[in-house]
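Undergrad: Have a look at this one.
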There are 2 protein chains.
Amino acid sequence: DFFIFYFFKKKLIYLLKFPHLFFLYFIGNVGLVPEDYIEFRFSVCYFITACDGDGDCCHVTVGSIYSFDEEWDDDSDDGKSTVGYGGSQMEEGGTMQRGGAHSTMKISLNKFPGFSKTPNPEVYLLTKSVAKGNDKLPIYAGEVGPVWLYPQIQLDCVVADPKKGSKMYGLKSYIEYQITPNTTNRPVNHRYKHFDWLYERLVEKFACALPIPCLPDKQVTGRFEEEFIKMRMERLQGWMSRMCRHPVISNSEVLQLFLNYRDEKEWKLGKRKAEKDEFVGVKIFSTIDPELPELDPGQVEQKYEMYSQFTRSMDNSVKELLAVGHLHWKRCTGPLQKEYRQIGKAFQNLSSVFNTSAYPSRKLDATGKTYEEIAELVAGQPKKDLHFLMETNNEYKGLLGCFPDTIAVHKAAIDKVKEADHLVTMNKISQQDKHIMEKNLSTMSYALQAEMNHFHSNRIYDYNRLMQFYLEEQVKFYETIAEKLKKALGQYTTM
Amino acid sequence: DFFIFYFFKKKLIYLLKFPHLFFLYFIGNVGLVPEDYIEFRFSVCYFITACDGDGDCCHVTVGSIYSFDEEWDDDSDDGKSTVGYGGSQMEEGGTMQRGGAHSTMKISLNKFPGFSKTPNPEVYLLTKSVAKGNDKLPIYAGEVGPVWLYPQIQLDCVVADPKKGSKMYGLKSYIEYQITPNTTNRPVNHRYKHFDWLYERLVEKFACALPIPCLPDKQVTGRFEEEFIKMRMERLQGWMSRMCRHPVISNSEVLQLFLNYRDEKEWKLGKRKAEKDEFVGVKIFSTIDPELPELDPGQVEQKYEMYSQFTRSMDNSVKELLAVGHLHWKRCTGPLQKEYRQIGKAFQNLSSVFNTSAYPSRKLDATGKTYEEIAELVAGQPKKDLHFLMETNNEYKGLLGCFPDTIAVHKAAIDKVKEADHLVTMNKISQQDKHIMEKNLSTMSYALQAEMNHFHSNRIYDYNRLMQFYLEEQVKFYETIAEKLKKALGQYTTM
């Protein structure tokens with residue numbers, strides 16, 4: 001028995017039902033899906049979702065289907081779909097997701113047992129023992145204040161060579177990226193969902209102490225697949241480099257596993273181990289070992305206030321720059337391009353009229369063509385310079401969006417220590433406990449200071465590089481226009 | 001007896017009536033006007049108009065008054081007021097009257113006795129006699145076709161040194177310009193109303209054969225007096241130069257009078273004589289003497305079609321360029337300036353945030369300031385280059401707006417000659433009359449051709465000069481921006 005499922009854009013879509021099997025016919029393409037994989041959802045887009053036991057799902061978006069393969073989304077294969085994004089936004093600014101990236105990290109709080117909203121630092125504050133050996137995260141006095149221990153050779157990696165892979169009888173396709181760390185020079189392959197897994201682990205383990213920026217957004221590819229893949233790769237590269245450049249994260253077992261695993265077995269084992277890691281959440285502070293004099297709670301609060309203020313201000317400024325940049329992008333590719341084209345056309349039209357007289361001349365036409373070329377330069381420029389400015393600031397927006405959560409843990413700890421006197425009086429904790437709390441708060445503060453110093457050194461480097469690049473491209477842009485106009489001017493003779 | 005006249009913007013305006021005298025009190029200023037001069041008009045702006053017997057009027061615009069003197073309009077002293085213009089338009093594009101200038105010449109048709117709408121060429125077509133001596137307007141075969149007789153030295157003049165004069169108990173002020181022709185090097189003074197009188201004479205005498213462009217619009221000065229006077233002078237200069245450069249007009253008695261009169265008496269006598277000139281309207285053709293073989297009506301019509309087509313097309317193209325230029329002007333002084341300012345501010349704000357950290361730096365602030373400077377360059381540029389482009393094209397728009405009327409006279413003559421055969425049959429005219437008509441039509445055509453060749457030679461010169469100037473300024477503009485950005489870039493050190 002079969003039935004007509006849906007008419008879409010004059011194209012008939014059939015769904016044939018056999019026992020435990022569905023046939024989907026779309027525009028001449030035939031797919032075969034086991035019945036258990038089929039689930040019907042009716043929304044604006046008319047989805048059909050098929051999932052296997054592994055949690056791998058593929059969505060058929062009937063509403064926008066063109067060919068069968070394109071519609072098997074490689075990213076929502078983690079079971080979460082973000083269909084309905086993209087499209088319009090991609091076309092507007094020329095890039096995707098601008099401003100749409102959610103900027104706050106998702107601390108999976110329910111993964112920290114015993115904590116509700118903000119991870120409660122109490123468990124840590126009363127801890128006496130410090131992790132030993134490899135697990136120890138030392139903090140030293142650097143020139144600029146407390147700093148993490150930086151490795152002798154900075155880890156980095158290259159994300160490249162995106163390849164299409166497929167699963168589920170060839171119905172499901174995904175993109176696999178090749179990641180090559182500078183330490184081994186041996187490439188490993190990962191899908192987006194693996195990056196997402198890594199992200200989840202890093203958040204779990206470090207987010208109380210370090211801002212772990214979000215991955216580039218999940219997104220349905222649609223028709224812009226190539227551009228989308230290129231953009232996602234670029235952003236995964238940015239994310240990975242940031243993780244690799246971090247002295248604490250780069251040294252973590254889970255990142256090492258991600259970059260260095262030798263085979264499926266090692267990967268699966270490593271995954272299992274990482275997921276069982278106990279030193280996660282606020283417990284990370286118990287592994288931090290500042291070889292520096294203890295700070296009193298007043299000093300800690302002062303530092304906290306300063307960083308809180310700075311990150312909030314920078315977040316606002318970055319968002320302002322992004323908003324202005326977005327507007328400028330739209331202006332350049334929209335009305336400004338149109339206007340220069342119109343100027344060019346007006347000169348050319350006038351030239352045509354002049355050429356119908358007994359006195360033809362080509363120079364005004366050439367001027368008109370020059371302005372049309374300028375129109376294209378104006379419209380193409382944002383991709384050349386503004387793109388990088390937007391990408392970098394988007395990355396910082398993501399990073400800065402993590403600070404409120406990270407900083408909230410510190411605030412909670414400060415408040416707990418403030419309560420300590422009262423708790424001592426109430427005999428709830430001992431004087432010694434109070435001292436441990438203060439010492440641990442000092443450790444947390446050193447962690448925050450080290451992290452902020454790391455942040456500043458990165459941001460100085462990043463913004464210096466960014467502004468240099470941006471200004472270089474801007475200079476080239478204006479010089480090119482001046483050059484073109486000079487050439488057009490050269491055609492006129494002085495009278 | 002007095003009464004309260006009007007409340008305006010919290011300011012009380014009194015009108016005191018004495019026998020035959022009114023006192024006007026405005027914001028502390030007191031004016032005294034004879035009763036006969038007062039006329040009340042109530043419109044949106046609340047006018048009071050006072051006129052003397054000479055036709056000199058002054059208008060008090062209550063609605064926008066700030067100080068007394070400013071409101072005595074020096075231009076509407078010819079009895080026609082165009083109050084209600086200006087203001088918003090002046091502020092919008094940075095210049096006045098853009099696009100608002102009426103583009104068709106006003107042939108005062110009721111001044112051609114016997115003609116209704118289009119001046120009827122019949123009177124001329126049947127005329128046998130040709131003016132002799134100085135009144136003769138010869139046409140020669142030039143390289144490019146029929147041409148007017150050009151004088152050995154091209155007449156030109158300088159309009160400069162606008163001075164305020166006053167009349168009517170000092171209540172009425174006007175501007176007098178100094179006009180110095182290159183022939184005598186002796187300056188004469190004229191008010192706008194004298195230019196207008198000259199314009200009326202030239203239209204009366206030549207408009208059937210030559211396009212006489214309008215004077216710059218009459219306009220209430222308001223608060224922008226200085227800028228307005230400068231702009232009007234610039235435009236009067238353009239108009240006078242165009243008249244002086246015309247081989248036929250430059251040689252006319254009326255223009256010579258305007259430029260060369262020695263005293264009030266000579267001026268008044270000359271005025272009276274010019275106003276009594278008989279060779280006006282279509283009769284101007286009877287003074288034209290083409291020393292060239294007679295054209296048959298078919299050739300005449302072909303030329304007519306060609307010029308008609310050309311002037312219409314050029315009119316459209318010029319209007320397109322003006323529209324695009326106007327838009328560009330608004331964009332540069334409006335949203336683009338704002339955008340570059342915002343970019344500058346965003347960089348500066350980010351810089352301020354960075355400077356609250358332990359790592360202050362001035363270079364990002366300098367970049368921000370550079371973009372603020374660019375904002376001002378962008379907003380100031382239209383005045384430097386687009387202004388001249390708009391002015392020249394506005395002039396041409398005015399000139400081209402005269403052609404339909406001029407050309408209509410030719411069309412009417414062509415139609416009359418087409419009827420001639422029929423009229424001969426009907427015995428209304430003789431065969432000889434018909435031949436005179438054809439010969440006169442040929443003369444009219446030569447006049448049109450000579451005029452078109454004059455037009456082309458001017459327009460080639462004007463647009464060549466215009467485009468050179470425009471492109472030179474544009475090159476400078478983009479080079480200046482590139483230079484500024486290079487300087488900003490120089491502050492960043494390569495890492």
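Residue numbering restarts at 1 for every chain of the structure tokens, chains are lettered A, B, ... in their displayed order, and ligands are numbered from 1 as they appear.
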Quick one: residues within 9 Å of region 350-366 of chain B, only C-alpha atoms counted, chain neighbours fewer than 2 positions away excluded, as a PDB file with N, CA and C atoms, in the first residue's frame?
TA:
ATOM      1  N   VAL A 144      53.356  40.539  34.103  1.00  0.00           N
ATOM      2  CA  VAL A 144      52.098  41.295  34.165  1.00  0.00           C
ATOM      3  C   VAL A 144      51.212  40.840  35.316  1.00  0.00           C
ATOM      4  N   MET A 306      37.052  44.371  38.975  1.00  0.00           N
ATOM      5  CA  MET A 306      37.772  44.925  37.836  1.00  0.00           C
ATOM      6  C   MET A 306      37.515  44.106  36.569  1.00  0.00           C
ATOM      7  N   TYR A 307      37.636  42.794  36.709  1.00  0.00           N
ATOM      8  CA  TYR A 307      37.454  41.935  35.530  1.00  0.00           C
ATOM      9  C   TYR A 307      36.001  41.924  35.070  1.00  0.00           C
ATOM     10  N   PHE A 310      35.530  45.091  33.212  1.00  0.00           N
ATOM     11  CA  PHE A 310      36.231  45.092  31.925  1.00  0.00           C
ATOM     12  C   PHE A 310      35.515  44.214  30.894  1.00  0.00           C
ATOM     13  N   THR A 311      35.186  42.991  31.297  1.00  0.00           N
ATOM     14  CA  THR A 311      34.595  42.072  30.316  1.00  0.00           C
ATOM     15  C   THR A 311      33.213  42.562  29.871  1.00  0.00           C
ATOM     16  N   SER A 313      32.286  45.756  29.723  1.00  0.00           N
ATOM     17  CA  SER A 313      32.521  46.900  28.842  1.00  0.00           C
ATOM     18  C   SER A 313      33.001  46.442  27.468  1.00  0.00           C
ATOM     19  N   MET A 314      33.924  45.496  27.480  1.00  0.00           N
ATOM     20  CA  MET A 314      34.451  45.042  26.194  1.00  0.00           C
ATOM     21  C   MET A 314      33.360  44.332  25.405  1.00  0.00           C
ATOM     22  N   ASN A 316      30.217  45.019  25.447  1.00  0.00           N
ATOM     23  CA  ASN A 316      29.395  46.083  24.848  1.00  0.00           C
ATOM     24  C   ASN A 316      30.072  46.706  23.637  1.00  0.00           C
ATOM     25  N   SER A 317      31.357  46.977  23.771  1.00  0.00           N
ATOM     26  CA  SER A 317      32.088  47.622  22.679  1.00  0.00           C
ATOM     27  C   SER A 317      32.177  46.708  21.465  1.00  0.00           C
ATOM     28  N   VAL A 318      32.414  45.442  21.731  1.00  0.00           N
ATOM     29  CA  VAL A 318      32.515  44.479  20.630  1.00  0.00           C
ATOM     30  C   VAL A 318      31.169  44.383  19.917  1.00  0.00           C
ATOM     31  N   GLU A 320      28.910  46.690  19.779  1.00  0.00           N
ATOM     32  CA  GLU A 320      28.714  47.940  19.058  1.00  0.00           C
ATOM     33  C   GLU A 320      29.449  47.890  17.722  1.00  0.00           C
ATOM     34  N   LEU A 321      30.684  47.432  17.769  1.00  0.00           N
ATOM     35  CA  LEU A 321      31.487  47.334  16.546  1.00  0.00           C
ATOM     36  C   LEU A 321      30.840  46.369  15.558  1.00  0.00           C
ATOM     37  N   HIS A 456      44.134  38.945  27.908  1.00  0.00           N
ATOM     38  CA  HIS A 456      44.685  40.224  27.440  1.00  0.00           C
ATOM     39  C   HIS A 456      45.801  40.013  26.426  1.00  0.00           C
ATOM     40  N   ILE A 460      45.407  41.495  22.746  1.00  0.00           N
ATOM     41  CA  ILE A 460      46.345  42.491  22.211  1.00  0.00           C
ATOM     42  C   ILE A 460      46.892  41.998  20.874  1.00  0.00           C
ATOM     43  N   TYR A 463      43.854  41.846  18.174  1.00  0.00           N
ATOM     44  CA  TYR A 463      43.359  43.131  17.681  1.00  0.00           C
ATOM     45  C   TYR A 463      44.437  43.914  16.930  1.00  0.00           C
ATOM     46  N   ASN A 464      45.670  43.700  17.344  1.00  0.00           N
ATOM     47  CA  ASN A 464      46.757  44.343  16.615  1.00  0.00           C
ATOM     48  C   ASN A 464      46.817  43.801  15.180  1.00  0.00           C
ATOM     49  N   MET A 467      43.596  44.885  13.214  1.00  0.00           N
ATOM     50  CA  MET A 467      43.558  46.280  12.768  1.00  0.00           C
ATOM     51  C   MET A 467      44.580  46.523  11.668  1.00  0.00           C
TER      52      MET A 467
ATOM     53  N   GLY B 344      34.159  55.120  13.594  1.00  0.00           N
ATOM     54  CA  GLY B 344      35.182  55.805  14.371  1.00  0.00           C
ATOM     55  C   GLY B 344      34.908  55.719  15.866  1.00  0.00           C
ATOM     56  N   LYS B 345      33.652  55.962  16.235  1.00  0.00           N
ATOM     57  CA  LYS B 345      33.264  55.910  17.649  1.00  0.00           C
ATOM     58  C   LYS B 345      33.441  54.507  18.211  1.00  0.00           C
ATOM     59  N   ALA B 346      33.050  53.514  17.425  1.00  0.00           N
ATOM     60  CA  ALA B 346      33.140  52.122  17.893  1.00  0.00           C
ATOM     61  C   ALA B 346      34.597  51.764  18.176  1.00  0.00           C
ATOM     62  N   PHE B 347      35.508  52.170  17.276  1.00  0.00           N
ATOM     63  CA  PHE B 347      36.934  51.901  17.508  1.00  0.00           C
ATOM     64  C   PHE B 347      37.419  52.646  18.752  1.00  0.00           C
ATOM     65  N   GLN B 348      36.991  53.878  18.892  1.00  0.00           N
ATOM     66  CA  GLN B 348      37.424  54.677  20.045  1.00  0.00           C
ATOM     67  C   GLN B 348      36.877  54.121  21.352  1.00  0.00           C
ATOM     68  N   GLY B 368      40.300  55.191  15.280  1.00  0.00           N
ATOM     69  CA  GLY B 368      38.936  55.690  15.434  1.00  0.00           C
ATOM     70  C   GLY B 368      38.826  57.150  15.013  1.00  0.00           C
ATOM     71  N   LYS B 369      39.790  57.954  15.438  1.00  0.00           N
ATOM     72  CA  LYS B 369      39.787  59.372  15.070  1.00  0.00           C
ATOM     73  C   LYS B 369      39.923  59.530  13.562  1.00  0.00           C
ATOM     74  N   THR B 370      40.725  58.669  12.959  1.00  0.00           N
ATOM     75  CA  THR B 370      40.899  58.707  11.503  1.00  0.00           C
ATOM     76  C   THR B 370      39.555  58.479  10.801  1.00  0.00           C
ATOM     77  N   TYR B 371      38.781  57.515  11.301  1.00  0.00           N
ATOM     78  CA  TYR B 371      37.483  57.259  10.667  1.00  0.00           C
ATOM     79  C   TYR B 371      36.508  58.420  10.898  1.00  0.00           C
ATOM     80  N   ALA B 488      47.317  55.970   9.996  1.00  0.00           N
ATOM     81  CA  ALA B 488      46.751  55.204  11.120  1.00  0.00           C
ATOM     82  C   ALA B 488      47.403  53.828  11.193  1.00  0.00           C
ATOM     83  N   LEU B 489      47.600  53.232  10.036  1.00  0.00           N
ATOM     84  CA  LEU B 489      48.221  51.896   9.964  1.00  0.00           C
ATOM     85  C   LEU B 489      49.646  51.935  10.507  1.00  0.00           C
ATOM     86  N   GLN B 491      50.857  53.273  12.906  1.00  0.00           N
ATOM     87  CA  GLN B 491      50.987  53.195  14.362  1.00  0.00           C
ATOM     88  C   GLN B 491      51.023  51.760  14.876  1.00  0.00           C
ATOM     89  N   TYR B 492      50.628  50.820  14.030  1.00  0.00           N
ATOM     90  CA  TYR B 492      50.632  49.416  14.468  1.00  0.00           C
ATOM     91  C   TYR B 492      51.987  48.809  14.142  1.00  0.00           C
TER      92      TYR B 492
END
Undergrad: Hey, what's within 12 Å of region 418-431 of chain B if we count only C-alpha atoms and toss same-chain stuff fewer than 2 positions away? As a PyMOL selection string, please?
TA: chain B and resi 122+125-126+296-298+300-301+411-416+433-438+441
